[in-house]
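Step one of this worksheet: look at the structure below.
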Amino acid sequence: MSSITACVRFRPLSSKERRDHGDSVCIQCIDSQTFLFKDEKEEEYTFGFDKVFYDNSDQAQVYEFLALPIVKDAVDAINGTIITYGQTGAGKTYSMEGPSILVHDEQKRGLVPRVVDGLFDCIKSSEGTMKYSIKLSMVEIYMEKVRDLFDLSKDNIQIKESKAQGIVLNGVTEISVLDAAEALQTLSSGIANRTVGETQMNMSSSRSHCIYIFTVQQELKKDDRWKTGKLILVDLAGSEKAEKTGAEGKVLEEAKTINKSLSALGNVINALTCGLPGKASHIPFRDSKLTRLLQDALGGNSRTALLCCCSPSPSNALESLSTLRFGMRAKHIKMSLHAKSNEDKCAKKDGSPSPSKNEACERIL
Ligand code: ADP
Ligand code: MG
């Protein structure tokens, strides 16, 4: 039985945290999977995750453990999802993008540019025997609206479910890319559009969820059809409590909507982990756009990895504890025996739907 791969990453102390608390940290490393956590009341907890990345870990290690197996599977038409979770400033975007997705410094490159390289490397190694195509989409969820980051005029994309393709974003822009450099340029234009939206709507990117979608199509020589793997990377909005931000008016409204979608995510995770065996419990995927979009990732046919990003500082212990508890719950979601290859649901090259029905993997409680 497989489950979500749940990892934790502690970023280095920030200069402000060092100024306020010196070198003190609220964690003590036990090993690469276990650590001791001390909350603000000096209570101690032991946490165990699939992998813990301490402040000395590098971007390559995170990619190799968390993303590389999922990238290889996507090329074999197995869906994959990678999610970063945590309070604002905890290192979600740094882990996802690095300082910028176009940065050349090998040490600093984040998951997105490494995934791009990984996908094209895998494809290159099977060149000659297989033909592939890669398409990119990029959306942002802000105040319960899905915005197309490749076409800002599409500011309220609907999420639909189709038997053949699972969860789909209706009419979302898909851009075909031929190599890693073109993919990175394309994604960087999506990131730039995020900033345009921030100014237009007077919001901060930490208040929206950013979603990268890689569709990998593989041509099947035998019968003129494609099989498709979808790889989704999600940089979530900050998980901090609305009241803590001291926000008012529109900003408070924003914070509440974000908290609503992140608690919807928590509720889905609870329903997936706490349902009674043998009983078909209701999973509230439809309670938010985020959970609807992640329906396949959490409840169905996908390999999923969660990176819980935390500050190691005692000043952020409360939020870190909440992030770690979220991660522990997610770790206990049990999914299908194996996420399946989508070969049996491939569409004909002319776009007509596949005659074969995809059976979504059943969740095992
Ligand atoms: P978030 O996206 O969770 O709000 P960021 O990724 O923007 O947070 O990180 C906040 C700050 O911490 C940034 O200045 C970033 O460069 C720095 N940072 C985060 N993680 C690391 C890390 N692992 N190593 C070095 N700096 C980091
Ligand atoms: Mg961020």
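Chains: A, B, ... in order of the structure tokens. Residues: from 1 per chain. Ligands: from 1, in order shown.
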
Among region 175-311 of chain A, which ones does DSSP place in helix (DSSP H, G or I), written as a ChimeraX atom specification? /A:180-201,205-207,243-245,249-274,285-287,289-293,295-299

Can you list every residue of chain A that has an atom at most 10 Å from ligand 2, with its nearest atom pair and the distance in Å to one decimal, using only C-alpha atoms and all ligand atoms, ordered by chain then number, as CSV?
residue,atom,partner,partner_atom_place_in_ligand_line,distance
A:Thr84,CA,ligand 2,1 (Mg),9.4
A:Tyr85,CA,ligand 2,1 (Mg),9.7
A:Gly86,CA,ligand 2,1 (Mg),9.3
A:Gln87,CA,ligand 2,1 (Mg),9.0
A:Thr88,CA,ligand 2,1 (Mg),6.4
A:Gly89,CA,ligand 2,1 (Mg),6.8
A:Ala90,CA,ligand 2,1 (Mg),8.1
A:Gly91,CA,ligand 2,1 (Mg),7.0
A:Lys92,CA,ligand 2,1 (Mg),5.5
A:Thr93,CA,ligand 2,1 (Mg),4.2
A:Tyr94,CA,ligand 2,1 (Mg),7.2
A:Ser95,CA,ligand 2,1 (Mg),9.2
A:Met96,CA,ligand 2,1 (Mg),8.7
A:Glu97,CA,ligand 2,1 (Mg),9.3
A:Ser204,CA,ligand 2,1 (Mg),9.2
A:Ser205,CA,ligand 2,1 (Mg),6.6
A:Ser206,CA,ligand 2,1 (Mg),5.0
A:Arg207,CA,ligand 2,1 (Mg),8.6
A:Ser208,CA,ligand 2,1 (Mg),8.9
A:His209,CA,ligand 2,1 (Mg),9.0
A:Cys210,CA,ligand 2,1 (Mg),8.9
A:Asp235,CA,ligand 2,1 (Mg),7.0
A:Leu236,CA,ligand 2,1 (Mg),7.6
A:Ala237,CA,ligand 2,1 (Mg),7.0
A:Gly238,CA,ligand 2,1 (Mg),7.3

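Nearest to Glu182 (chain A) of all the residues A:Leu102, A:Asn79, A:Ser288, A:Met203 is A:Leu102, counting only C-alpha atoms.
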
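When only C-alpha atoms and all ligand atoms are used to compute distances to ligand 1, the closest of the residues A:Asn342, A:Thr304, A:Ser320, A:Thr5 turns out to be A:Ser320.
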
Apply DSSP to the backbone of this structure and, from region 53-187 of chain A, keep only the residues in strand (DSSP E or B); write these as a PyMOL selection string. chain A and resi 53+78+80-85+127+130-142+145-148+159-162+166-169+175-177

Tell me, as a ChimeraX atom specification, which residues lie within 9 Å of Gly171 (chain A), counting only C-alpha atoms; anything in the same chain fewer than 5 positions away does not count. /A:154,157-158

Output for the residues just chosen: N, CA and C atoms as an mmCIF file, in the first residue's frame:
data_model
loop_
_atom_site.group_PDB
_atom_site.id
_atom_site.type_symbol
_atom_site.label_atom_id
_atom_site.label_comp_id
_atom_site.auth_asym_id
_atom_site.auth_seq_id
_atom_site.Cartn_x
_atom_site.Cartn_y
_atom_site.Cartn_z
ATOM 1 N N LYS A 154 -8.272 34.982 -18.779
ATOM 2 C CA LYS A 154 -9.030 33.830 -18.255
ATOM 3 C C LYS A 154 -8.912 33.857 -16.726
ATOM 4 N N ILE A 157 -11.398 30.222 -14.269
ATOM 5 C CA ILE A 157 -11.411 28.916 -14.932
ATOM 6 C C ILE A 157 -12.210 27.912 -14.086
ATOM 7 N N GLN A 158 -13.068 27.173 -14.748
ATOM 8 C CA GLN A 158 -13.879 26.190 -14.015
ATOM 9 C C GLN A 158 -13.156 24.838 -13.950
#

Test item: residues at most 9 Å from Leu290 (chain A), only C-alpha atoms, excluding those fewer than 3 positions along its chain, as an MDAnalysis selection string: chainID A and resid 141 144 209 261:262 264:265 285:287 293:295

Could you write out the selected residues, including N, CA and C atoms, as a PDB file, in the first residue's frame?
ATOM      1  N   ILE A 141      -4.703  30.181  -7.613  1.00  0.00           N
ATOM      2  CA  ILE A 141      -6.029  30.250  -6.989  1.00  0.00           C
ATOM      3  C   ILE A 141      -5.992  31.380  -5.964  1.00  0.00           C
ATOM      4  N   GLU A 144     -10.761  32.017  -4.138  1.00  0.00           N
ATOM      5  CA  GLU A 144     -11.611  30.974  -4.725  1.00  0.00           C
ATOM      6  C   GLU A 144     -11.842  31.122  -6.230  1.00  0.00           C
ATOM      7  N   HIS A 209      -2.473  30.463  -4.047  1.00  0.00           N
ATOM      8  CA  HIS A 209      -1.834  29.174  -4.327  1.00  0.00           C
ATOM      9  C   HIS A 209      -1.348  29.190  -5.775  1.00  0.00           C
ATOM     10  N   SER A 261      -9.618  27.520   2.383  1.00  0.00           N
ATOM     11  CA  SER A 261      -9.198  26.485   1.438  1.00  0.00           C
ATOM     12  C   SER A 261      -8.178  25.553   2.079  1.00  0.00           C
ATOM     13  N   LEU A 262      -7.317  26.096   2.952  1.00  0.00           N
ATOM     14  CA  LEU A 262      -6.357  25.202   3.617  1.00  0.00           C
ATOM     15  C   LEU A 262      -7.060  24.336   4.661  1.00  0.00           C
ATOM     16  N   ALA A 264     -10.131  23.357   4.263  1.00  0.00           N
ATOM     17  CA  ALA A 264     -10.803  22.358   3.419  1.00  0.00           C
ATOM     18  C   ALA A 264      -9.819  21.234   3.091  1.00  0.00           C
ATOM     19  N   LEU A 265      -8.555  21.621   2.828  1.00  0.00           N
ATOM     20  CA  LEU A 265      -7.518  20.617   2.555  1.00  0.00           C
ATOM     21  C   LEU A 265      -7.322  19.720   3.789  1.00  0.00           C
ATOM     22  N   PHE A 285     -14.191  17.023  -1.204  1.00  0.00           N
ATOM     23  CA  PHE A 285     -13.316  17.634  -2.204  1.00  0.00           C
ATOM     24  C   PHE A 285     -13.903  18.924  -2.773  1.00  0.00           C
ATOM     25  N   ARG A 286     -15.250  19.010  -2.809  1.00  0.00           N
ATOM     26  CA  ARG A 286     -15.876  20.147  -3.484  1.00  0.00           C
ATOM     27  C   ARG A 286     -15.958  21.394  -2.608  1.00  0.00           C
ATOM     28  N   ASP A 287     -15.424  21.329  -1.383  1.00  0.00           N
ATOM     29  CA  ASP A 287     -15.535  22.479  -0.486  1.00  0.00           C
ATOM     30  C   ASP A 287     -14.636  23.644  -0.858  1.00  0.00           C
ATOM     31  N   LEU A 293      -9.185  20.697  -7.175  1.00  0.00           N
ATOM     32  CA  LEU A 293      -8.069  20.546  -8.112  1.00  0.00           C
ATOM     33  C   LEU A 293      -7.144  19.401  -7.689  1.00  0.00           C
ATOM     34  N   LEU A 294      -7.036  19.207  -6.373  1.00  0.00           N
ATOM     35  CA  LEU A 294      -6.128  18.170  -5.867  1.00  0.00           C
ATOM     36  C   LEU A 294      -6.829  16.827  -5.640  1.00  0.00           C
ATOM     37  N   GLN A 295      -8.069  16.736  -6.105  1.00  0.00           N
ATOM     38  CA  GLN A 295      -8.854  15.519  -5.860  1.00  0.00           C
ATOM     39  C   GLN A 295      -8.131  14.248  -6.325  1.00  0.00           C
TER      40      GLN A 295
END

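The nearest approach to Phe214 (chain A) among the residues A:Leu136, A:Leu306, A:Ile258, A:Leu184, with only C-alpha atoms taken into account, belongs to A:Leu136.
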
For the interface of region 180-221 of chain A with region 106-121 of chain A (cut-off 12 Å, counting only C-alpha atoms), please tabulate each contacting residue of region 180-221 of chain A alongside its nearest pair of atoms and their separation in Å to one decimal, rows sorted by chain and increasing number, as a tab-separated table.
residue	atom	partner	partner_atom	distance
A:Ala180	CA	A:Asp117	CA	5.8
A:Ala181	CA	A:Val116	CA	8.8
A:Glu182	CA	A:Val116	CA	9.9
A:Ala183	CA	A:Val116	CA	7.0
A:Leu184	CA	A:Pro113	CA	6.8
A:Gln185	CA	A:Pro113	CA	10.4
A:Thr186	CA	A:Val116	CA	11.3
A:Leu187	CA	A:Val112	CA	9.1
A:Ser188	CA	A:Pro113	CA	10.2
A:Ile191	CA	A:Val112	CA	11.7
A:Cys210	CA	A:Val112	CA	11.9
A:Ile211	CA	A:Val112	CA	10.8
A:Tyr212	CA	A:Val112	CA	8.4
A:Ile213	CA	A:Val112	CA	10.5
A:Phe214	CA	A:Val116	CA	8.8
A:Thr215	CA	A:Leu119	CA	10.5
A:Val216	CA	A:Leu119	CA	8.5
A:Gln217	CA	A:Leu119	CA	11.4

Mind dumping the selected residues with N, CA and C atoms as an mmCIF file, in the first residue's frame?
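To be explicit, this is the file written out as part.cif:
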data_model
loop_
_atom_site.group_PDB
_atom_site.id
_atom_site.type_symbol
_atom_site.label_atom_id
_atom_site.label_comp_id
_atom_site.auth_asym_id
_atom_site.auth_seq_id
_atom_site.Cartn_x
_atom_site.Cartn_y
_atom_site.Cartn_z
ATOM 1 N N ALA A 180 14.163 22.181 -22.335
ATOM 2 C CA ALA A 180 14.137 22.699 -20.966
ATOM 3 C C ALA A 180 14.221 24.229 -20.955
ATOM 4 N N ALA A 181 15.052 24.799 -21.830
ATOM 5 C CA ALA A 181 15.217 26.257 -21.824
ATOM 6 C C ALA A 181 13.896 26.944 -22.171
ATOM 7 N N GLU A 182 13.193 26.404 -23.167
ATOM 8 C CA GLU A 182 11.913 26.988 -23.564
ATOM 9 C C GLU A 182 10.877 26.830 -22.436
ATOM 10 N N ALA A 183 10.907 25.679 -21.767
ATOM 11 C CA ALA A 183 9.973 25.441 -20.659
ATOM 12 C C ALA A 183 10.200 26.458 -19.546
ATOM 13 N N LEU A 184 11.475 26.689 -19.213
ATOM 14 C CA LEU A 184 11.773 27.609 -18.106
ATOM 15 C C LEU A 184 11.389 29.046 -18.461
ATOM 16 N N GLN A 185 11.638 29.445 -19.712
ATOM 17 C CA GLN A 185 11.231 30.785 -20.144
ATOM 18 C C GLN A 185 9.714 30.925 -20.047
ATOM 19 N N THR A 186 9.003 29.890 -20.465
ATOM 20 C CA THR A 186 7.532 29.927 -20.446
ATOM 21 C C THR A 186 7.027 30.045 -19.005
ATOM 22 N N LEU A 187 7.583 29.213 -18.116
ATOM 23 C CA LEU A 187 7.137 29.254 -16.719
ATOM 24 C C LEU A 187 7.490 30.586 -16.075
ATOM 25 N N SER A 188 8.624 31.127 -16.499
ATOM 26 C CA SER A 188 9.011 32.399 -15.878
ATOM 27 C C SER A 188 8.065 33.526 -16.329
ATOM 28 N N ILE A 191 5.235 33.281 -13.944
ATOM 29 C CA ILE A 191 5.578 33.872 -12.638
ATOM 30 C C ILE A 191 5.509 35.399 -12.730
ATOM 31 N N CYS A 210 -0.096 28.809 -6.001
ATOM 32 C CA CYS A 210 0.447 28.801 -7.370
ATOM 33 C C CYS A 210 0.614 27.343 -7.823
ATOM 34 N N ILE A 211 0.094 27.049 -9.002
ATOM 35 C CA ILE A 211 0.055 25.650 -9.455
ATOM 36 C C ILE A 211 0.677 25.498 -10.839
ATOM 37 N N TYR A 212 1.714 24.663 -10.919
ATOM 38 C CA TYR A 212 2.392 24.360 -12.188
ATOM 39 C C TYR A 212 1.905 23.001 -12.667
ATOM 40 N N ILE A 213 1.490 22.920 -13.918
ATOM 41 C CA ILE A 213 1.001 21.634 -14.435
ATOM 42 C C ILE A 213 1.814 21.220 -15.667
ATOM 43 N N PHE A 214 2.450 20.057 -15.589
ATOM 44 C CA PHE A 214 3.221 19.505 -16.704
ATOM 45 C C PHE A 214 2.442 18.309 -17.253
ATOM 46 N N THR A 215 2.064 18.370 -18.512
ATOM 47 C CA THR A 215 1.388 17.231 -19.130
ATOM 48 C C THR A 215 2.379 16.543 -20.067
ATOM 49 N N VAL A 216 2.690 15.289 -19.749
ATOM 50 C CA VAL A 216 3.671 14.542 -20.548
ATOM 51 C C VAL A 216 2.920 13.511 -21.380
ATOM 52 N N GLN A 217 2.961 13.675 -22.690
ATOM 53 C CA GLN A 217 2.270 12.730 -23.559
ATOM 54 C C GLN A 217 3.282 11.849 -24.266
#

Contacts of Arg194 (chain A) at 10 Å (only C-alpha atoms; same-chain gap of 3+ positions) as an MDAnalysis selection string: chainID A and resid 138:140 147:150 152 188:191 197:200 204:205 208 210

Can you spit out the residues from that selection as an mmCIF file, in the first residue's frame, using N, CA and C atoms?
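Final file, selection11.cif:
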data_model
loop_
_atom_site.group_PDB
_atom_site.id
_atom_site.type_symbol
_atom_site.label_atom_id
_atom_site.label_comp_id
_atom_site.auth_asym_id
_atom_site.auth_seq_id
_atom_site.Cartn_x
_atom_site.Cartn_y
_atom_site.Cartn_z
ATOM 1 N N MET A 138 -0.226 26.920 -16.173
ATOM 2 C CA MET A 138 0.115 27.502 -14.876
ATOM 3 C C MET A 138 -1.071 28.327 -14.392
ATOM 4 N N VAL A 139 -1.556 28.030 -13.205
ATOM 5 C CA VAL A 139 -2.693 28.786 -12.670
ATOM 6 C C VAL A 139 -2.427 29.204 -11.238
ATOM 7 N N GLU A 140 -3.244 30.157 -10.806
ATOM 8 C CA GLU A 140 -3.147 30.647 -9.440
ATOM 9 C C GLU A 140 -4.571 30.600 -8.868
ATOM 10 N N ARG A 147 -7.111 31.493 -11.816
ATOM 11 C CA ARG A 147 -6.662 32.420 -12.854
ATOM 12 C C ARG A 147 -5.583 31.754 -13.695
ATOM 13 N N ASP A 148 -5.674 31.917 -15.017
ATOM 14 C CA ASP A 148 -4.703 31.345 -15.937
ATOM 15 C C ASP A 148 -3.480 32.266 -15.981
ATOM 16 N N LEU A 149 -2.330 31.770 -15.568
ATOM 17 C CA LEU A 149 -1.151 32.654 -15.527
ATOM 18 C C LEU A 149 -0.490 32.807 -16.893
ATOM 19 N N PHE A 150 -0.954 32.054 -17.899
ATOM 20 C CA PHE A 150 -0.462 32.263 -19.266
ATOM 21 C C PHE A 150 -1.426 33.140 -20.067
ATOM 22 N N LEU A 152 -4.058 36.142 -18.700
ATOM 23 C CA LEU A 152 -4.737 36.753 -17.554
ATOM 24 C C LEU A 152 -6.209 37.082 -17.829
ATOM 25 N N SER A 188 8.624 31.127 -16.499
ATOM 26 C CA SER A 188 9.011 32.399 -15.878
ATOM 27 C C SER A 188 8.065 33.526 -16.329
ATOM 28 N N SER A 189 7.478 33.397 -17.536
ATOM 29 C CA SER A 189 6.479 34.396 -17.945
ATOM 30 C C SER A 189 5.217 34.246 -17.091
ATOM 31 N N GLY A 190 4.889 33.026 -16.705
ATOM 32 C CA GLY A 190 3.749 32.807 -15.801
ATOM 33 C C GLY A 190 4.005 33.431 -14.435
ATOM 34 N N ILE A 191 5.235 33.281 -13.944
ATOM 35 C CA ILE A 191 5.578 33.872 -12.638
ATOM 36 C C ILE A 191 5.509 35.399 -12.730
ATOM 37 N N GLY A 197 -0.661 40.446 -11.641
ATOM 38 C CA GLY A 197 -1.917 40.249 -10.926
ATOM 39 C C GLY A 197 -1.849 40.818 -9.518
ATOM 40 N N GLU A 198 -0.679 40.648 -8.889
ATOM 41 C CA GLU A 198 -0.515 41.160 -7.523
ATOM 42 C C GLU A 198 -0.761 42.657 -7.488
ATOM 43 N N THR A 199 -0.215 43.361 -8.483
ATOM 44 C CA THR A 199 -0.362 44.809 -8.514
ATOM 45 C C THR A 199 -1.816 45.163 -8.853
ATOM 46 N N GLN A 200 -2.376 44.476 -9.859
ATOM 47 C CA GLN A 200 -3.760 44.762 -10.253
ATOM 48 C C GLN A 200 -4.726 44.554 -9.088
ATOM 49 N N SER A 204 -0.597 40.009 -2.120
ATOM 50 C CA SER A 204 0.764 39.484 -2.078
ATOM 51 C C SER A 204 0.711 38.027 -2.533
ATOM 52 N N SER A 205 1.773 37.580 -3.231
ATOM 53 C CA SER A 205 1.756 36.219 -3.759
ATOM 54 C C SER A 205 1.636 35.190 -2.633
ATOM 55 N N SER A 208 -1.884 33.594 -2.320
ATOM 56 C CA SER A 208 -2.536 32.774 -3.353
ATOM 57 C C SER A 208 -1.780 31.442 -3.502
ATOM 58 N N CYS A 210 -0.096 28.809 -6.001
ATOM 59 C CA CYS A 210 0.447 28.801 -7.370
ATOM 60 C C CYS A 210 0.614 27.343 -7.823
#

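Proximity to Gly299 (chain A) was assessed for A:Thr273, A:Ser341, A:Asn259, A:Gln61 counting only C-alpha atoms; the smallest distance is recorded for A:Thr273.
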
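Distance annotation: of A:Glu127, A:Asp39, A:Glu44, A:Asp58, the residue with the minimal separation from ligand 1 is A:Asp58; atom set is only C-alpha atoms and all ligand atoms.
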
Quick one: everything within 10 Å of Ala317 (chain A), counting only C-alpha atoms, minus sequence neighbours fewer than 4 positions away in the same chain. Send it as a ChimeraX atom specification. /A:25-27,37-41,310-313,321-323

Using only C-alpha atoms, please write the residues we just selected to a file, as a compact mmCIF listing (two decimals), in the first residue's frame.
# COMPACT_ATOMS: atom_id res chain seq x y z
CA VAL A 25 16.27 26.61 17.63
CA CYS A 26 13.19 24.63 18.64
CA ILE A 27 14.32 21.36 17.05
CA PHE A 37 10.49 19.55 18.73
CA LYS A 38 10.12 21.92 21.69
CA ASP A 39 7.11 24.25 21.74
CA GLU A 40 6.93 27.67 23.39
CA LYS A 41 5.87 26.05 26.68
CA CYS A 310 9.18 25.28 8.75
CA SER A 311 11.26 27.90 10.47
CA PRO A 312 13.54 26.36 13.13
CA SER A 313 13.15 29.42 15.39
CA LEU A 321 3.86 22.82 15.24
CA SER A 322 0.65 23.35 13.29
CA THR A 323 2.50 22.66 10.00

Which one is closest to ligand 1: A:Ser239, A:Gln28, A:Asn170, A:Asn316? Count only C-alpha atoms and all ligand atoms. A:Ser239

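For the atom pair formed by CA of Met130 (chain A) and CA of Lys227 (chain A), the distance is 11.4 Å, given to one decimal.
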
Can you pull out every residue within 7 Å of Arg303 (chain A), counting only C-alpha atoms, but drop anything in the same chain fewer than 3 positions away, and send it as a list in words? Ile70, Asn79, Gly80, Thr81, Ala297 and Ala339 of chain A

What separation in Å, quoted to one decimal, exists between CA of Ala74 (chain A) and CA of Cys122 (chain A)? 9.8 Å

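The interatomic distance for the pair CA of Ile123 (chain A) and CA of Ala67 (chain A) works out to 16.0 Å.
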